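Just below is one structure, and these are the notes that go with it.
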Amino acid sequence: MDDDVRISQAKIPTNLLENHDAVSFRVLPHGESLLNHFQRHEYRKSMEIGRSFHAKTATIPCVSGAVGLFRKEALLRQSDLHSGEFSGEDLQRTLLIHRHRNDRGVTFVDEEVYTHAPRTLRELYLQRVHGWWPGLWNNFHHLLHLAFASKVNWRLRYDSLYALFLVVTDPFRILALPALFSSFGRFWTFYIFYVLLELIPYLKMGRRESIVVILLSPIYGVAQLFTRVVAFFAWLYRRLVALTSGRRIPDSYKRAPLAHQAFALVFGLVALVGL
């Protein structure tokens with residue numbers, strides 16, 4: 001559990017670990033700014049729709065890094081498997097459970113806890129570009145395995161395929177943006193369709209956040225798209241630093257020699273220009 005999590009009246013259902021390897025909570029960011037409303041709507045979709053979808057079959061794809069329950073044995077067997085990287089460590093921890101041959105599943109408990117979320121656009125950018133999305137790329141191979149391996153529950157397979165589809169097709173969506181914004185008709189068609197899609201879960205979840213969140217959701221979505229693409233180069237930079245410096249310890253890019261960091265940075269920039 002992170003030190004900024006507020007449990008309040010939430011119950012800690014340790015009894016669920018008798019039949020499962022891990023338990024996920026309903027995690028929501030607190031705060032009343034518009035940015036907090038965007039994030040809370042985002043979290044709420046993940047918790048109330050995504051987690052509920054997976055709870056029936058104990059196939060929760062990611063136990064939030066903010067708070068979660070794990071069987072001690074499930075964590076100990078990951079000691080030689082987990083990369084130790086901070087980015088995406090919660091996703092990797094959960095996916096490794098699902099990849100284990102004696103997987104007991106990851107379930108969801110409807111107990112609400114609150115966590116601190118980015119309060120400024122800069123903080124949100126740093127969270128996504130240096131944390132969330134590099135973590136997604138770092139777990140690409142685990143998602144690939146769960147998407148195509150045999151004896152994987154269809155809900156988990158679907159979620160893995162969707163995550164893979166998202167990151168693989170992001171560059172094409174970036175390339176399509178100029179054509180989208182160059183036409184008044186295409187732009188408004190996209191905008192209305194996007195808002196209607198966001199309106200469905202918004203109404204289903206009881207209209208908890210400001211309607212402004214839904215009206216501006218296309219902008220938030222495009223911003224997310226850009227951060228995922230930029231995050232790929234953040235992930236590539238870290239991998240190159242680790243490979244060239246020979247440091248395989250967690251987050252080794254922070255302590256690698258400057259020459260290796262410079263090489264990785266230049267290589268990443270060349271790759272970006274090449275795209």
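Identifiers in the structure tokens: chain A, B, ... in order shown; residue index from 1 per chain; ligand index from 1 in order shown.
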Test item, helix (DSSP H, G or I) assignment across stretch 23-98 of chain A, answer as number ranges by chain: A: 34-55, 72-76, 89-98
All residues 9 Å or closer to A:Thr120, only C-alpha atoms, same chain fewer than 4 positions away omitted, as a list in words: Leu35, Leu124 and Tyr125 of chain A
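Between atom CA of A:Val229 and atom CA of A:Phe165 lies a distance of 13.3 Å.
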Find the spatial neighbours of A:Lys151, counting only C-alpha atoms, within a cut-off of 10 Å - ignore same-chain residues fewer than 4 positions away - and output them as a PDB file with all heavy atoms, in the first residue's frame.
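In the end it all went to part30.pdb:
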```
ATOM      1  N   ARG A 101       1.533 -21.467 -13.670  1.00  0.00           N
ATOM      2  CA  ARG A 101       0.726 -22.645 -14.026  1.00  0.00           C
ATOM      3  C   ARG A 101      -0.307 -22.996 -12.953  1.00  0.00           C
ATOM      4  O   ARG A 101      -1.304 -23.655 -13.237  1.00  0.00           O
ATOM      5  CB  ARG A 101       1.636 -23.843 -14.295  1.00  0.00           C
ATOM      6  CG  ARG A 101       2.478 -24.299 -13.123  1.00  0.00           C
ATOM      7  CD  ARG A 101       3.334 -25.501 -13.498  1.00  0.00           C
ATOM      8  NE  ARG A 101       4.181 -25.950 -12.408  1.00  0.00           N
ATOM      9  CZ  ARG A 101       5.375 -25.454 -12.144  1.00  0.00           C
ATOM     10  NH1 ARG A 101       5.855 -24.482 -12.903  1.00  0.00           N
ATOM     11  NH2 ARG A 101       6.095 -25.912 -11.132  1.00  0.00           N
ATOM     12  N   LEU A 146      -0.186 -13.899 -22.765  1.00  0.00           N
ATOM     13  CA  LEU A 146      -1.559 -14.111 -22.305  1.00  0.00           C
ATOM     14  C   LEU A 146      -2.571 -13.976 -23.439  1.00  0.00           C
ATOM     15  O   LEU A 146      -3.654 -14.553 -23.381  1.00  0.00           O
ATOM     16  CB  LEU A 146      -1.894 -13.118 -21.190  1.00  0.00           C
ATOM     17  CG  LEU A 146      -1.136 -13.344 -19.877  1.00  0.00           C
ATOM     18  CD1 LEU A 146      -1.362 -12.182 -18.923  1.00  0.00           C
ATOM     19  CD2 LEU A 146      -1.564 -14.656 -19.227  1.00  0.00           C
ATOM     20  N   ARG A 157      -7.670 -12.832 -22.023  1.00  0.00           N
ATOM     21  CA  ARG A 157      -7.126 -12.819 -23.385  1.00  0.00           C
ATOM     22  C   ARG A 157      -7.591 -11.561 -24.133  1.00  0.00           C
ATOM     23  O   ARG A 157      -6.806 -10.896 -24.801  1.00  0.00           O
ATOM     24  CB  ARG A 157      -7.572 -14.074 -24.140  1.00  0.00           C
ATOM     25  CG  ARG A 157      -6.867 -14.262 -25.488  1.00  0.00           C
ATOM     26  CD  ARG A 157      -7.479 -15.417 -26.271  1.00  0.00           C
ATOM     27  NE  ARG A 157      -7.491 -16.658 -25.520  1.00  0.00           N
ATOM     28  CZ  ARG A 157      -6.451 -17.467 -25.411  1.00  0.00           C
ATOM     29  NH1 ARG A 157      -5.311 -17.151 -26.005  1.00  0.00           N
ATOM     30  NH2 ARG A 157      -6.543 -18.587 -24.721  1.00  0.00           N
TER      31      ARG A 157
END
```
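The nearest approach to A:Phe86 among the residues A:Trp235, A:Tyr114, A:Tyr43, A:Tyr194, with only C-alpha atoms taken into account, belongs to A:Trp235.
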Atom-to-atom span, atom CA of A:Leu17 and atom CA of A:Ala66, Å: 18.3 Å
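For A:Val5, the list of residues within 12 Å, based on only C-alpha atoms and with local chain neighbours fewer than 5 positions off taken out, reads Ala10, Phe25, Arg26, Val27, Leu28, Pro29, His30, Ser64, Gly65, Ala66, Val67, Gly68, Glu112, Val113, Tyr114, Thr115, His116 and Ala117 of chain A.
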Go ahead and write the residues just picked, N, CA and C atoms, as a short mmCIF file (atom, residue, chain, number, x, y, z; two decimals), in the first residue's frame.
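Result file out.cif:
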```cif
data_model
loop_
_atom_site.label_atom_id
_atom_site.label_comp_id
_atom_site.auth_asym_id
_atom_site.auth_seq_id
_atom_site.Cartn_x
_atom_site.Cartn_y
_atom_site.Cartn_z
N ALA A 10 -12.95 1.32 4.41
CA ALA A 10 -12.81 0.11 3.59
C ALA A 10 -12.37 -1.08 4.44
N PHE A 25 -8.69 -3.57 -5.12
CA PHE A 25 -9.67 -2.68 -4.50
C PHE A 25 -10.20 -1.67 -5.52
N ARG A 26 -11.27 -0.99 -5.14
CA ARG A 26 -11.79 0.11 -5.95
C ARG A 26 -10.99 1.37 -5.57
N VAL A 27 -10.05 1.74 -6.39
CA VAL A 27 -9.17 2.87 -6.11
C VAL A 27 -9.63 4.08 -6.89
N LEU A 28 -9.78 5.21 -6.20
CA LEU A 28 -10.21 6.45 -6.84
C LEU A 28 -9.32 7.60 -6.37
N PRO A 29 -9.00 8.52 -7.26
CA PRO A 29 -8.24 9.71 -6.86
C PRO A 29 -9.16 10.74 -6.22
N HIS A 30 -8.67 11.42 -5.19
CA HIS A 30 -9.51 12.46 -4.59
C HIS A 30 -9.03 13.83 -5.05
N SER A 64 -3.98 -2.41 -8.67
CA SER A 64 -3.43 -1.06 -8.57
C SER A 64 -2.24 -1.00 -7.63
N GLY A 65 -1.23 -0.24 -8.05
CA GLY A 65 -0.05 -0.08 -7.21
C GLY A 65 -0.34 0.67 -5.93
N ALA A 66 -1.48 1.36 -5.88
CA ALA A 66 -1.83 2.13 -4.68
C ALA A 66 -2.09 1.21 -3.49
N VAL A 67 -2.87 0.16 -3.72
CA VAL A 67 -3.20 -0.77 -2.64
C VAL A 67 -3.67 -2.09 -3.23
N GLY A 68 -3.33 -3.18 -2.57
CA GLY A 68 -3.76 -4.49 -3.03
C GLY A 68 -3.37 -5.54 -2.00
N GLU A 112 -13.95 0.88 -1.36
CA GLU A 112 -13.43 2.12 -1.95
C GLU A 112 -12.29 2.70 -1.11
N VAL A 113 -11.18 2.97 -1.78
CA VAL A 113 -10.04 3.65 -1.14
C VAL A 113 -9.64 4.82 -2.04
N TYR A 114 -9.01 5.81 -1.44
CA TYR A 114 -8.65 7.02 -2.19
C TYR A 114 -7.14 7.21 -2.21
N THR A 115 -6.67 7.72 -3.33
CA THR A 115 -5.24 7.94 -3.49
C THR A 115 -4.99 9.33 -4.07
N HIS A 116 -3.80 9.84 -3.85
CA HIS A 116 -3.42 11.12 -4.45
C HIS A 116 -3.14 10.90 -5.93
N ALA A 117 -3.59 11.82 -6.75
CA ALA A 117 -3.37 11.76 -8.19
C ALA A 117 -2.71 13.07 -8.62
#
```
Residues near A:Ser52, cut-off 9 Å, only C-alpha atoms, skip fewer than 6 positions along chain, as a ChimeraX atom specification: /A:46,60,108,110
Members of stretch 32-117 of chain A assigned strand (DSSP E or B) by DSSP, as a VMD selection string: chain A and resid 59 68 to 70 106 to 115
Quick one: write out the picked residues with all heavy atoms as a CSV table (one decimal), in the first residue's frame?
```
chain,number,residue,atom,x,y,z
A,59,THR,N,-10.0,-12.7,-13.1
A,59,THR,CA,-9.0,-12.4,-14.1
A,59,THR,C,-8.6,-10.9,-14.1
A,59,THR,O,-8.3,-10.3,-15.2
A,59,THR,CB,-9.5,-12.8,-15.5
A,59,THR,OG1,-10.8,-12.2,-15.7
A,59,THR,CG2,-9.6,-14.3,-15.6
A,68,GLY,N,-3.3,-3.2,-2.6
A,68,GLY,CA,-3.8,-4.5,-3.0
A,68,GLY,C,-3.4,-5.5,-2.0
A,68,GLY,O,-2.5,-5.3,-1.2
A,69,LEU,N,-4.0,-6.7,-2.1
A,69,LEU,CA,-3.7,-7.8,-1.2
A,69,LEU,C,-3.1,-8.9,-2.1
A,69,LEU,O,-3.6,-9.2,-3.1
A,69,LEU,CB,-5.0,-8.3,-0.5
A,69,LEU,CG,-5.5,-7.5,0.6
A,69,LEU,CD1,-6.8,-8.2,1.1
A,69,LEU,CD2,-4.5,-7.4,1.8
A,70,PHE,N,-2.0,-9.5,-1.5
A,70,PHE,CA,-1.4,-10.6,-2.3
A,70,PHE,C,-1.0,-11.8,-1.3
A,70,PHE,O,-0.7,-11.5,-0.1
A,70,PHE,CB,-0.1,-10.2,-2.9
A,70,PHE,CG,-0.2,-9.2,-4.0
A,70,PHE,CD1,-0.3,-7.8,-3.8
A,70,PHE,CD2,-0.3,-9.6,-5.3
A,70,PHE,CE1,-0.5,-6.9,-4.8
A,70,PHE,CE2,-0.5,-8.7,-6.4
A,70,PHE,CZ,-0.6,-7.4,-6.1
A,106,VAL,N,-7.0,-13.5,-9.7
A,106,VAL,CA,-6.9,-12.2,-9.0
A,106,VAL,C,-8.4,-11.7,-9.0
A,106,VAL,O,-8.9,-11.4,-10.1
A,106,VAL,CB,-6.0,-11.2,-9.7
A,106,VAL,CG1,-6.0,-9.9,-9.0
A,106,VAL,CG2,-4.6,-11.8,-9.8
A,107,THR,N,-8.9,-11.4,-7.8
A,107,THR,CA,-10.3,-11.0,-7.8
A,107,THR,C,-10.4,-9.6,-7.4
A,107,THR,O,-9.4,-8.9,-7.1
A,107,THR,CB,-11.1,-11.9,-6.8
A,107,THR,OG1,-12.5,-11.6,-6.9
A,107,THR,CG2,-10.7,-11.7,-5.3
A,108,PHE,N,-11.6,-9.1,-7.3
A,108,PHE,CA,-11.9,-7.7,-7.0
A,108,PHE,C,-12.9,-7.6,-5.8
A,108,PHE,O,-13.9,-8.3,-5.7
A,108,PHE,CB,-12.5,-7.0,-8.2
A,108,PHE,CG,-13.0,-5.6,-8.0
A,108,PHE,CD1,-12.2,-4.6,-7.9
A,108,PHE,CD2,-14.4,-5.4,-8.0
A,108,PHE,CE1,-12.6,-3.3,-7.7
A,108,PHE,CE2,-14.9,-4.1,-7.8
A,108,PHE,CZ,-14.0,-3.0,-7.7
A,109,VAL,N,-12.6,-6.6,-4.9
A,109,VAL,CA,-13.5,-6.4,-3.8
A,109,VAL,C,-14.0,-4.9,-3.9
A,109,VAL,O,-13.2,-4.0,-4.2
A,109,VAL,CB,-12.8,-6.6,-2.4
A,109,VAL,CG1,-11.6,-5.7,-2.3
A,109,VAL,CG2,-13.8,-6.4,-1.3
A,110,ASP,N,-15.3,-4.8,-3.7
A,110,ASP,CA,-15.9,-3.4,-3.9
A,110,ASP,C,-15.8,-2.6,-2.6
A,110,ASP,O,-16.7,-2.2,-2.0
A,110,ASP,CB,-17.4,-3.6,-4.3
A,110,ASP,CG,-18.0,-2.3,-4.8
A,110,ASP,OD1,-17.2,-1.4,-5.1
A,110,ASP,OD2,-19.2,-2.2,-4.9
A,111,GLU,N,-14.5,-2.4,-2.3
A,111,GLU,CA,-14.2,-1.5,-1.1
A,111,GLU,C,-13.4,-0.3,-1.6
A,111,GLU,O,-12.4,-0.4,-2.3
A,111,GLU,CB,-13.3,-2.3,-0.1
A,111,GLU,CG,-14.1,-3.4,0.6
A,111,GLU,CD,-15.1,-3.0,1.5
A,111,GLU,OE1,-15.1,-1.8,1.9
A,111,GLU,OE2,-16.0,-3.8,1.9
A,112,GLU,N,-14.0,0.9,-1.4
A,112,GLU,CA,-13.4,2.1,-1.9
A,112,GLU,C,-12.3,2.7,-1.1
A,112,GLU,O,-12.4,2.9,0.1
A,112,GLU,CB,-14.6,3.1,-2.1
A,112,GLU,CG,-14.3,4.2,-3.1
A,112,GLU,CD,-15.6,4.9,-3.5
A,112,GLU,OE1,-16.4,4.5,-4.3
A,112,GLU,OE2,-15.9,5.9,-2.8
A,113,VAL,N,-11.2,3.0,-1.8
A,113,VAL,CA,-10.0,3.7,-1.1
A,113,VAL,C,-9.6,4.8,-2.0
A,113,VAL,O,-9.9,4.8,-3.2
A,113,VAL,CB,-8.8,2.7,-0.9
A,113,VAL,CG1,-9.2,1.6,0.0
A,113,VAL,CG2,-8.3,2.2,-2.3
A,114,TYR,N,-9.0,5.8,-1.4
A,114,TYR,CA,-8.7,7.0,-2.2
A,114,TYR,C,-7.1,7.2,-2.2
A,114,TYR,O,-6.4,6.9,-1.2
A,114,TYR,CB,-9.3,8.2,-1.6
A,114,TYR,CG,-10.8,8.3,-1.8
A,114,TYR,CD1,-11.7,7.6,-0.9
A,114,TYR,CD2,-11.4,8.9,-2.9
A,114,TYR,CE1,-13.1,7.6,-1.1
A,114,TYR,CE2,-12.7,8.9,-3.2
A,114,TYR,CZ,-13.6,8.2,-2.3
A,114,TYR,OH,-14.9,8.2,-2.5
A,115,THR,N,-6.7,7.7,-3.3
A,115,THR,CA,-5.2,7.9,-3.5
A,115,THR,C,-5.0,9.3,-4.1
A,115,THR,O,-5.9,9.9,-4.7
A,115,THR,CB,-4.6,6.9,-4.4
A,115,THR,OG1,-3.2,7.1,-4.5
A,115,THR,CG2,-5.2,7.0,-5.8
```
Near-A:Leu164 list (12 Å; only C-alpha atoms; drop same-chain fewer than 3 positions) as a list of chain:residue names: A:Leu136, A:Trp137, A:Asn138, A:Asn139, A:Phe140, A:His141, A:His142, A:Leu143, A:Leu144, A:His145, A:Leu146, A:Ala147, A:Phe148, A:Arg157, A:Tyr158, A:Asp159, A:Ser160, A:Leu161, A:Val167, A:Val168, A:Thr169, A:Asp170
Among the residues A:Gly135, A:Gly221, A:Pro118, A:Gly31, the one that comes closest to A:Cys62 [using only C-alpha atoms]: A:Gly135
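The closest residue to A:Ile214, picked from A:Phe226, A:Phe172, A:Tyr237, A:Phe193 and counting only C-alpha atoms, is A:Phe193.
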